[in-house]
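What follows is one structure encoded as structure tokens, with my remarks underneath.
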Amino acid sequence: MFFLKNLTHTILLHPQYFGPNIQACLIRRLHDEVEGTCSGRFGFIISVIEITSISRGMLHPTSGFAEFKIEYKAIVFKPFKNEVVDGIVTSVNKMGFFVEVGPVTVFVSNHLIPEDMKFDPNSNPPSYISVGAENQQRIANNVNVRLKIVGTRVDATEIFAIGTIKEDYLGCI
């Protein structure tokens with residue numbers, strides 16, 4: 001789920017920033033450009049922890065910009081198949097519900113919900129309610145759930161996941 005990765009990033013810096021504070025400017029730009037982004041290969045970059053090295057700038061003769069390669073360590077978030085995670089329900093409909101697990105949205109289909117939970121379209125807001133159980137569970141917006149990821153799809157800038165609550169110890173928390 002969370003990993004510490006060694007990564008590199010290239011920054012083009014305008015000549016107006018050349019001066020005694022160039023290193024602080026590069027560090028600030030690195031944080032602004034990479035934190036909160038998603039790399040399909042590594043996952044969501046949560047936070048830059050440490051700057052390992054900053055290369056010497058190479059000037060581009062036509063533009064005057066300087067190119068710097070920065071090596072850094074970052075905490076990344078990447079969900080995997082069969083991982084059990086906790087999240088908050090954001091949307092419920094008759095096809096299933098969506099759960100926000102950090103920066104990833106996980107869809108739980110109605111086929112991956114236990115048979116004793118039925119969709120109640122008349123409730124406000126719409127929800128899944130357990131039928132015939134002593135302790136009735138209700139899955140609606142802003143409810144915490146524990147789910148198991150059954151599959152992920154990675155694009156260049158986003159990660160999609162499908163989850164289930166059809167196994168033991170999964171469901172409402």
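Quick note on naming: the chains in the structure tokens go A, B, ... in the order shown, residues restart at 1 in each chain, and ligands are numbered from 1 in order of appearance.
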If you run DSSP on the backbone, which residues of chain A are strand (DSSP E), as a ChimeraX atom specification? /A:2-13,38-39,43-54,58-59,66-77,84-93,96-101,104-109,117-120,127-130,138-139,144-154,159-164,171-172
List every residue of segment 81-104 of chain A that has an atom at most 8 Å from any atom of segment 125-145 of chain A, giving for each one its closest atom pair and the distance in Å to one decimal, counting only C-alpha atoms, sorted by chain and then by ascending residue number, as a Markdown table.
```
| residue | atom | partner | partner_atom | distance |
| --- | --- | --- | --- | --- |
| A:Asp86 | CA | A:Val145 | CA | 5.7 |
| A:Gly87 | CA | A:Val145 | CA | 5.6 |
| A:Ile88 | CA | A:Asn144 | CA | 4.6 |
| A:Val89 | CA | A:Asn141 | CA | 5.1 |
| A:Thr90 | CA | A:Asn141 | CA | 5.2 |
| A:Ser91 | CA | A:Asn141 | CA | 5.8 |
| A:Val92 | CA | A:Ser127 | CA | 6.1 |
| A:Asn93 | CA | A:Pro126 | CA | 6.7 |
| A:Val99 | CA | A:Val145 | CA | 8.0 |
```
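Scanning segment 20-77 of chain A with DSSP on the backbone, the alpha helix (DSSP H) assignments fall on Ile22, Gln23, Ala24, Cys25, Leu26, Ile27, Arg28, Arg29, Leu30, His31, Asp32, Glu33 and Val34 of chain A.
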Can you list, as a PyMOL selection string, every protein, DNA or RNA residue that comes within 10 Å of segment 101-105 of chain A when you count only C-alpha atoms, leaving out same-chain residues fewer than 2 positions away? chain A and resi 36-38+43-46+77-79+85-90+98-99+107-108+145-147+158-163
Give me the residues near Glu50 of chain A as a PyMOL selection string, where near means some atom within 12 Å (using only C-alpha atoms) and where sequence neighbours in that chain fewer than 6 positions away do not count. chain A and resi 4-8+27+30-31+70-75
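Nearest-residue note for Thr157 of chain A: choosing from A:His111, A:His14, A:His9, A:Arg41, the minimum distance belongs to A:Arg41, counting only C-alpha atoms.
Distance-wise, atom CA of Pro61 of chain A and atom CA of Gln23 of chain A end up 21.4 Å apart.
Using only C-alpha atoms, the shortest contact distance between Leu59 of chain A and any of A:Cys25, A:Val106, A:Ile11, A:Leu170 is found at A:Ile11.
In this comparison, which uses only C-alpha atoms, the residue of A:Glu67, A:Glu100, A:Glu83, A:Asp120 approaching Ile149 of chain A most closely is A:Glu83.
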Go through A:Asn122, A:Ser53, A:Thr62, A:Thr164 and flag the residue nearest Thr10 of chain A, using only C-alpha atoms for the distances. A:Ser53
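Here atom CA of Phe18 of chain A stands at a distance of 23.6 Å from atom CA of Glu35 of chain A.
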